[in-house]
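Single-structure report; data block below.
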Amino acid sequence: MLDATGTVEQRALLDDRTCECCPTTAVRTKGEALVAYRDRSADEVRNIRLVRFDGQSWSDPAVLHDDGWRIEGCPVNGPALAAAGDRVAAAWYTAPGGVPRVNVAFSADGGRQFGDPIVVAKGTPTGRVDVAWLGEGRVAVSWLGTSADGAPALRVRAIATDGASRPAVPMATLASASRGVGMPRLVRSGPHLYAAWTHPEEGVQVGRLRTNALR
């Protein structure tokens, strides 16, 4: 816990065994803070876990969904959270059985309980996801994948809390899908979605997409 000057006021150990190369994510719900990260079991199953902070103490870690993905090495693919009051969307990459996919799940109670995962993309995604609320009970989920001609691309798809969706659209064509692209970040501002990622040679790149392109 840090104050406005950056001074550390409090430290807490949330989990003593995690997939430490995967980025973490945190959001503020109505009354709590919610953190998601990739866990690492003793037999190398790497599920997404959640912990909550109510202002006084942290909850015990809880599994978002038991994907059963066993991998003996960090995939460098963390989860993403987005919150609108107590409505929370969680997006993540997983590959049980060697089949890569991007999932999203929704919670209406601040992240205490999530519904079943909804598959956003399957078969070709590289992952490195992000998620942003669009309003009207929908979110936009972004991930690294491929365009129609097989070129590396940042793709985005709108998913409703009831599972309804529209086809994915490419937000940008990328120089590569290597780790040099980093972890693309997605935000909504007015009628647009903005994404930022790293070009291995040219630095930070930004893409923009009108939200009505996802309808």
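Starting from 1 in every chain, residues are counted up; chains themselves are A, B, ... following the order of the structure tokens, and ligands are numbered from 1 as listed.
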Test item: residues at most 8 Å from A:Gly127, only C-alpha atoms, excluding those fewer than 5 positions along its chain, as a PyMOL selection string: chain A and resi 77+92-93+101-102+143-145
Please produce an output containing all heavy atoms for each residue in the selection, written as a short mmCIF file (atom, residue, chain, number, x, y, z; two decimals), in the first residue's frame.
data_model
loop_
_atom_site.label_atom_id
_atom_site.label_comp_id
_atom_site.auth_asym_id
_atom_site.auth_seq_id
_atom_site.Cartn_x
_atom_site.Cartn_y
_atom_site.Cartn_z
N ASN A 77 1.93 -14.49 -19.79
CA ASN A 77 0.58 -14.23 -20.27
C ASN A 77 -0.34 -14.04 -19.07
O ASN A 77 -0.95 -15.00 -18.60
CB ASN A 77 0.10 -15.39 -21.14
CG ASN A 77 -0.14 -14.99 -22.58
OD1 ASN A 77 -0.80 -13.99 -22.85
ND2 ASN A 77 0.43 -15.75 -23.50
N TRP A 92 -8.49 -13.82 -19.85
CA TRP A 92 -7.20 -14.49 -19.66
C TRP A 92 -6.94 -15.46 -20.81
O TRP A 92 -7.85 -15.88 -21.52
CB TRP A 92 -7.15 -15.20 -18.33
CG TRP A 92 -8.00 -16.44 -18.17
CD1 TRP A 92 -7.60 -17.75 -18.27
CD2 TRP A 92 -9.40 -16.50 -17.86
NE1 TRP A 92 -8.65 -18.60 -18.05
CE2 TRP A 92 -9.77 -17.87 -17.80
CE3 TRP A 92 -10.39 -15.53 -17.65
CZ2 TRP A 92 -11.07 -18.28 -17.53
CZ3 TRP A 92 -11.69 -15.93 -17.39
CH2 TRP A 92 -12.02 -17.29 -17.32
N TYR A 93 -5.67 -15.81 -20.95
CA TYR A 93 -5.21 -16.78 -21.94
C TYR A 93 -4.95 -18.11 -21.24
O TYR A 93 -4.47 -18.14 -20.11
CB TYR A 93 -3.92 -16.28 -22.58
CG TYR A 93 -3.23 -17.27 -23.49
CD1 TYR A 93 -3.56 -17.38 -24.83
CD2 TYR A 93 -2.21 -18.10 -23.00
CE1 TYR A 93 -2.91 -18.29 -25.68
CE2 TYR A 93 -1.57 -19.01 -23.83
CZ TYR A 93 -1.92 -19.10 -25.16
OH TYR A 93 -1.28 -19.99 -25.98
N ARG A 101 -6.45 -20.54 -26.18
CA ARG A 101 -7.72 -19.83 -26.23
C ARG A 101 -7.67 -18.60 -25.34
O ARG A 101 -6.87 -18.52 -24.41
CB ARG A 101 -8.87 -20.74 -25.81
CG ARG A 101 -8.87 -21.14 -24.35
CD ARG A 101 -9.87 -22.25 -24.07
NE ARG A 101 -9.48 -23.48 -24.74
CZ ARG A 101 -10.18 -24.61 -24.68
NH1 ARG A 101 -11.29 -24.66 -23.99
NH2 ARG A 101 -9.77 -25.69 -25.31
N VAL A 102 -8.54 -17.67 -25.64
CA VAL A 102 -8.76 -16.49 -24.80
C VAL A 102 -10.17 -16.60 -24.23
O VAL A 102 -11.13 -16.80 -24.98
CB VAL A 102 -8.60 -15.18 -25.61
CG1 VAL A 102 -9.03 -13.99 -24.77
CG2 VAL A 102 -7.15 -15.02 -26.06
N TRP A 143 -6.52 -9.17 -27.90
CA TRP A 143 -5.49 -10.21 -27.78
C TRP A 143 -4.61 -10.18 -29.02
O TRP A 143 -4.98 -9.61 -30.06
CB TRP A 143 -6.12 -11.60 -27.60
CG TRP A 143 -6.80 -12.14 -28.83
CD1 TRP A 143 -6.28 -12.97 -29.79
CD2 TRP A 143 -8.15 -11.88 -29.24
NE1 TRP A 143 -7.20 -13.24 -30.75
CE2 TRP A 143 -8.36 -12.59 -30.45
CE3 TRP A 143 -9.19 -11.12 -28.71
CZ2 TRP A 143 -9.57 -12.55 -31.12
CZ3 TRP A 143 -10.39 -11.09 -29.39
CH2 TRP A 143 -10.59 -11.80 -30.56
N LEU A 144 -3.45 -10.80 -28.93
CA LEU A 144 -2.58 -10.97 -30.08
C LEU A 144 -2.99 -12.23 -30.82
O LEU A 144 -3.09 -13.31 -30.23
CB LEU A 144 -1.12 -11.08 -29.65
CG LEU A 144 -0.49 -9.84 -29.01
CD1 LEU A 144 0.98 -10.09 -28.73
CD2 LEU A 144 -0.66 -8.62 -29.91
N GLY A 145 -3.22 -12.08 -32.10
CA GLY A 145 -3.61 -13.21 -32.94
C GLY A 145 -3.11 -13.00 -34.34
O GLY A 145 -2.01 -12.48 -34.55
#
Would you write out, as JSON lines, a table of all residues in stretch 103-162 of chain A that have an atom no more than 12 Å from an atom of stretch 85-91 of chain A, listing for each the closest atom pair and the distance in Å to one decimal, considering only C-alpha atoms and ordering rows by chain and rising residue number?
{"residue": "A:Asn103", "atom": "CA", "partner": "A:Ala91", "partner_atom": "CA", "distance": 5.5}
{"residue": "A:Val104", "atom": "CA", "partner": "A:Ala91", "partner_atom": "CA", "distance": 4.2}
{"residue": "A:Ala105", "atom": "CA", "partner": "A:Ala90", "partner_atom": "CA", "distance": 5.4}
{"residue": "A:Phe106", "atom": "CA", "partner": "A:Ala89", "partner_atom": "CA", "distance": 4.7}
{"residue": "A:Ser107", "atom": "CA", "partner": "A:Val88", "partner_atom": "CA", "distance": 5.1}
{"residue": "A:Ala108", "atom": "CA", "partner": "A:Arg87", "partner_atom": "CA", "distance": 4.6}
{"residue": "A:Asp109", "atom": "CA", "partner": "A:Asp86", "partner_atom": "CA", "distance": 5.3}
{"residue": "A:Gly110", "atom": "CA", "partner": "A:Asp86", "partner_atom": "CA", "distance": 4.2}
{"residue": "A:Gly111", "atom": "CA", "partner": "A:Val88", "partner_atom": "CA", "distance": 6.1}
{"residue": "A:Arg112", "atom": "CA", "partner": "A:Val88", "partner_atom": "CA", "distance": 9.7}
{"residue": "A:Gln113", "atom": "CA", "partner": "A:Val88", "partner_atom": "CA", "distance": 9.8}
{"residue": "A:Phe114", "atom": "CA", "partner": "A:Val88", "partner_atom": "CA", "distance": 8.6}
{"residue": "A:Gly115", "atom": "CA", "partner": "A:Ala89", "partner_atom": "CA", "distance": 10.0}
{"residue": "A:Asp116", "atom": "CA", "partner": "A:Ala90", "partner_atom": "CA", "distance": 11.1}
{"residue": "A:Pro117", "atom": "CA", "partner": "A:Ala91", "partner_atom": "CA", "distance": 8.9}
{"residue": "A:Ile118", "atom": "CA", "partner": "A:Ala91", "partner_atom": "CA", "distance": 9.3}
{"residue": "A:Val119", "atom": "CA", "partner": "A:Ala91", "partner_atom": "CA", "distance": 9.7}
{"residue": "A:Val120", "atom": "CA", "partner": "A:Ala91", "partner_atom": "CA", "distance": 9.0}
{"residue": "A:Ala121", "atom": "CA", "partner": "A:Ala91", "partner_atom": "CA", "distance": 11.1}
{"residue": "A:Gly127", "atom": "CA", "partner": "A:Ala91", "partner_atom": "CA", "distance": 9.9}
{"residue": "A:Arg128", "atom": "CA", "partner": "A:Ala91", "partner_atom": "CA", "distance": 9.7}
{"residue": "A:Val129", "atom": "CA", "partner": "A:Ala91", "partner_atom": "CA", "distance": 6.7}
{"residue": "A:Asp130", "atom": "CA", "partner": "A:Ala91", "partner_atom": "CA", "distance": 6.7}
{"residue": "A:Val131", "atom": "CA", "partner": "A:Ala91", "partner_atom": "CA", "distance": 6.4}
{"residue": "A:Ala132", "atom": "CA", "partner": "A:Ala89", "partner_atom": "CA", "distance": 8.1}
{"residue": "A:Trp133", "atom": "CA", "partner": "A:Ala89", "partner_atom": "CA", "distance": 8.0}
{"residue": "A:Leu134", "atom": "CA", "partner": "A:Ala89", "partner_atom": "CA", "distance": 11.2}
{"residue": "A:Gly135", "atom": "CA", "partner": "A:Arg87", "partner_atom": "CA", "distance": 10.9}
{"residue": "A:Glu136", "atom": "CA", "partner": "A:Arg87", "partner_atom": "CA", "distance": 11.8}
{"residue": "A:Gly137", "atom": "CA", "partner": "A:Arg87", "partner_atom": "CA", "distance": 9.1}
{"residue": "A:Arg138", "atom": "CA", "partner": "A:Ala89", "partner_atom": "CA", "distance": 9.4}
{"residue": "A:Val139", "atom": "CA", "partner": "A:Ala89", "partner_atom": "CA", "distance": 7.6}
{"residue": "A:Ala140", "atom": "CA", "partner": "A:Ala89", "partner_atom": "CA", "distance": 9.8}
{"residue": "A:Val141", "atom": "CA", "partner": "A:Ala91", "partner_atom": "CA", "distance": 7.2}
{"residue": "A:Ser142", "atom": "CA", "partner": "A:Ala91", "partner_atom": "CA", "distance": 9.0}
{"residue": "A:Trp143", "atom": "CA", "partner": "A:Ala91", "partner_atom": "CA", "distance": 9.7}
{"residue": "A:Arg157", "atom": "CA", "partner": "A:Ala91", "partner_atom": "CA", "distance": 11.8}
{"residue": "A:Ile159", "atom": "CA", "partner": "A:Ala89", "partner_atom": "CA", "distance": 10.2}
{"residue": "A:Ala160", "atom": "CA", "partner": "A:Ala89", "partner_atom": "CA", "distance": 10.2}
{"residue": "A:Thr161", "atom": "CA", "partner": "A:Ala89", "partner_atom": "CA", "distance": 8.7}
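Excluding A:Thr124 itself and any same-chain residue fewer than 5 positions from it, the protein and nucleic acid residues within 12 Å of it, counting only C-alpha atoms, are Tyr93, Thr94, Ala95, Gly98, Val99, Pro100, Arg101, Val102, Trp143, Leu144, Gly145, Thr146, Ser147, Ala148, Gly150, Ala151, Pro152, Ala153, Arg155 and Ala177 of chain A.
Secondary structure of stretch 67-123 of chain A, strand (DSSP E or B) only (DSSP, backbone atoms): A:Arg70, A:Ala80, A:Leu81, A:Ala82, A:Ala83, A:Ala84, A:Arg87, A:Val88, A:Ala89, A:Ala90, A:Ala91, A:Trp92, A:Tyr93, A:Thr94, A:Arg101, A:Val102, A:Asn103, A:Val104, A:Ala105, A:Phe106, A:Ser107, A:Ile118, A:Val119, A:Val120, A:Ala121, A:Lys122.
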Got time to write the residues from that selection, N, CA and C atoms, as an mmCIF file, in the first residue's frame?
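Resulting contents of again-v5.cif:
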data_model
loop_
_atom_site.group_PDB
_atom_site.id
_atom_site.type_symbol
_atom_site.label_atom_id
_atom_site.label_comp_id
_atom_site.auth_asym_id
_atom_site.auth_seq_id
_atom_site.Cartn_x
_atom_site.Cartn_y
_atom_site.Cartn_z
ATOM 1 N N ARG A 70 -1.395 -27.320 -17.618
ATOM 2 C CA ARG A 70 -0.114 -27.655 -17.009
ATOM 3 C C ARG A 70 0.998 -27.306 -17.982
ATOM 4 N N ALA A 80 -6.379 -10.031 -17.231
ATOM 5 C CA ALA A 80 -6.782 -8.626 -17.250
ATOM 6 C C ALA A 80 -8.148 -8.497 -16.589
ATOM 7 N N LEU A 81 -8.334 -7.430 -15.823
ATOM 8 C CA LEU A 81 -9.600 -7.130 -15.170
ATOM 9 C C LEU A 81 -10.100 -5.761 -15.615
ATOM 10 N N ALA A 82 -11.419 -5.614 -15.644
ATOM 11 C CA ALA A 82 -12.058 -4.321 -15.836
ATOM 12 C C ALA A 82 -13.284 -4.288 -14.941
ATOM 13 N N ALA A 83 -13.517 -3.149 -14.279
ATOM 14 C CA ALA A 83 -14.634 -3.050 -13.339
ATOM 15 C C ALA A 83 -15.480 -1.815 -13.636
ATOM 16 N N ALA A 84 -16.784 -1.967 -13.444
ATOM 17 C CA ALA A 84 -17.735 -0.869 -13.505
ATOM 18 C C ALA A 84 -18.636 -1.035 -12.292
ATOM 19 N N ARG A 87 -19.651 -4.709 -11.156
ATOM 20 C CA ARG A 87 -19.576 -5.572 -12.333
ATOM 21 C C ARG A 87 -18.110 -5.692 -12.738
ATOM 22 N N VAL A 88 -17.630 -6.905 -12.825
ATOM 23 C CA VAL A 88 -16.226 -7.148 -13.152
ATOM 24 C C VAL A 88 -16.143 -8.116 -14.319
ATOM 25 N N ALA A 89 -15.254 -7.812 -15.249
ATOM 26 C CA ALA A 89 -14.924 -8.723 -16.345
ATOM 27 C C ALA A 89 -13.479 -9.166 -16.175
ATOM 28 N N ALA A 90 -13.243 -10.452 -16.332
ATOM 29 C CA ALA A 90 -11.892 -11.013 -16.262
ATOM 30 C C ALA A 90 -11.603 -11.727 -17.573
ATOM 31 N N ALA A 91 -10.483 -11.371 -18.206
ATOM 32 C CA ALA A 91 -10.062 -12.021 -19.447
ATOM 33 C C ALA A 91 -8.710 -12.667 -19.214
ATOM 34 N N TRP A 92 -8.485 -13.818 -19.848
ATOM 35 C CA TRP A 92 -7.204 -14.491 -19.664
ATOM 36 C C TRP A 92 -6.942 -15.458 -20.808
ATOM 37 N N TYR A 93 -5.668 -15.810 -20.954
ATOM 38 C CA TYR A 93 -5.211 -16.777 -21.942
ATOM 39 C C TYR A 93 -4.951 -18.105 -21.240
ATOM 40 N N THR A 94 -5.263 -19.193 -21.921
ATOM 41 C CA THR A 94 -4.978 -20.517 -21.394
ATOM 42 C C THR A 94 -4.818 -21.478 -22.570
ATOM 43 N N ARG A 101 -6.449 -20.537 -26.175
ATOM 44 C CA ARG A 101 -7.722 -19.825 -26.231
ATOM 45 C C ARG A 101 -7.669 -18.599 -25.338
ATOM 46 N N VAL A 102 -8.544 -17.666 -25.641
ATOM 47 C CA VAL A 102 -8.761 -16.491 -24.801
ATOM 48 C C VAL A 102 -10.167 -16.597 -24.231
ATOM 49 N N ASN A 103 -10.280 -16.483 -22.913
ATOM 50 C CA ASN A 103 -11.567 -16.568 -22.223
ATOM 51 C C ASN A 103 -11.919 -15.235 -21.576
ATOM 52 N N VAL A 104 -13.200 -15.048 -21.339
ATOM 53 C CA VAL A 104 -13.678 -13.947 -20.507
ATOM 54 C C VAL A 104 -14.779 -14.483 -19.605
ATOM 55 N N ALA A 105 -14.849 -13.978 -18.392
ATOM 56 C CA ALA A 105 -15.905 -14.356 -17.452
ATOM 57 C C ALA A 105 -16.373 -13.105 -16.727
ATOM 58 N N PHE A 106 -17.619 -13.137 -16.246
ATOM 59 C CA PHE A 106 -18.223 -11.953 -15.642
ATOM 60 C C PHE A 106 -18.655 -12.219 -14.211
ATOM 61 N N SER A 107 -18.556 -11.171 -13.408
ATOM 62 C CA SER A 107 -19.023 -11.202 -12.027
ATOM 63 C C SER A 107 -19.930 -10.003 -11.789
ATOM 64 N N ILE A 118 -16.422 -17.724 -21.133
ATOM 65 C CA ILE A 118 -16.893 -17.600 -22.510
ATOM 66 C C ILE A 118 -15.655 -17.555 -23.399
ATOM 67 N N VAL A 119 -15.591 -18.423 -24.396
ATOM 68 C CA VAL A 119 -14.428 -18.460 -25.286
ATOM 69 C C VAL A 119 -14.515 -17.285 -26.271
ATOM 70 N N VAL A 120 -13.515 -16.428 -26.232
ATOM 71 C CA VAL A 120 -13.441 -15.271 -27.119
ATOM 72 C C VAL A 120 -12.712 -15.624 -28.410
ATOM 73 N N ALA A 121 -11.640 -16.379 -28.293
ATOM 74 C CA ALA A 121 -10.854 -16.811 -29.457
ATOM 75 C C ALA A 121 -10.233 -18.153 -29.132
ATOM 76 N N LYS A 122 -10.056 -18.991 -30.172
ATOM 77 C CA LYS A 122 -9.546 -20.331 -29.942
ATOM 78 C C LYS A 122 -8.704 -20.773 -31.135
#
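When only C-alpha atoms are used to measure the gap to A:His192, the shortest distance among A:Pro23, A:Gly97, A:Thr173, A:Ala213 belongs to A:Ala213.
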Residue nearest A:Asp15 among A:Met1, A:Gly31, A:Arg49, A:Asp67 (counting only C-alpha atoms): A:Arg49
Distance query A:Ile48 at most 10 Å, only C-alpha atoms, self and fewer than 3 positions along chain excluded, as a VMD selection string: chain A and resid 18 to 19 24 36 to 40 45 61 to 67 78 to 79 90 to 94
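Atom CA of A:Cys21 to atom CA of A:Trp58 spans 22.3 Å [interatomic distance, one decimal].
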Atom CA of A:Val76 to atom CA of A:Met183, straight-line distance in Å: 9.3 Å
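In this structure, atom CA of A:Leu154 sits 7.0 Å away from atom CA of A:Leu174.
The nearest approach to A:Pro167 among the residues A:Leu14, A:Ala4, A:Leu214, A:Cys74, with only C-alpha atoms taken into account, belongs to A:Leu214.
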Selection near A:Val35, 6 Å with only C-alpha atoms, sequence-local residues under 4 positions removed, as a list in words: Thr25, Ala26, Leu50 and Val51 of chain A
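Counting only C-alpha atoms, the residue from A:Asp149, A:Glu44, A:Glu32, A:Glu72 that sits nearest to A:Ser59 is A:Glu32.
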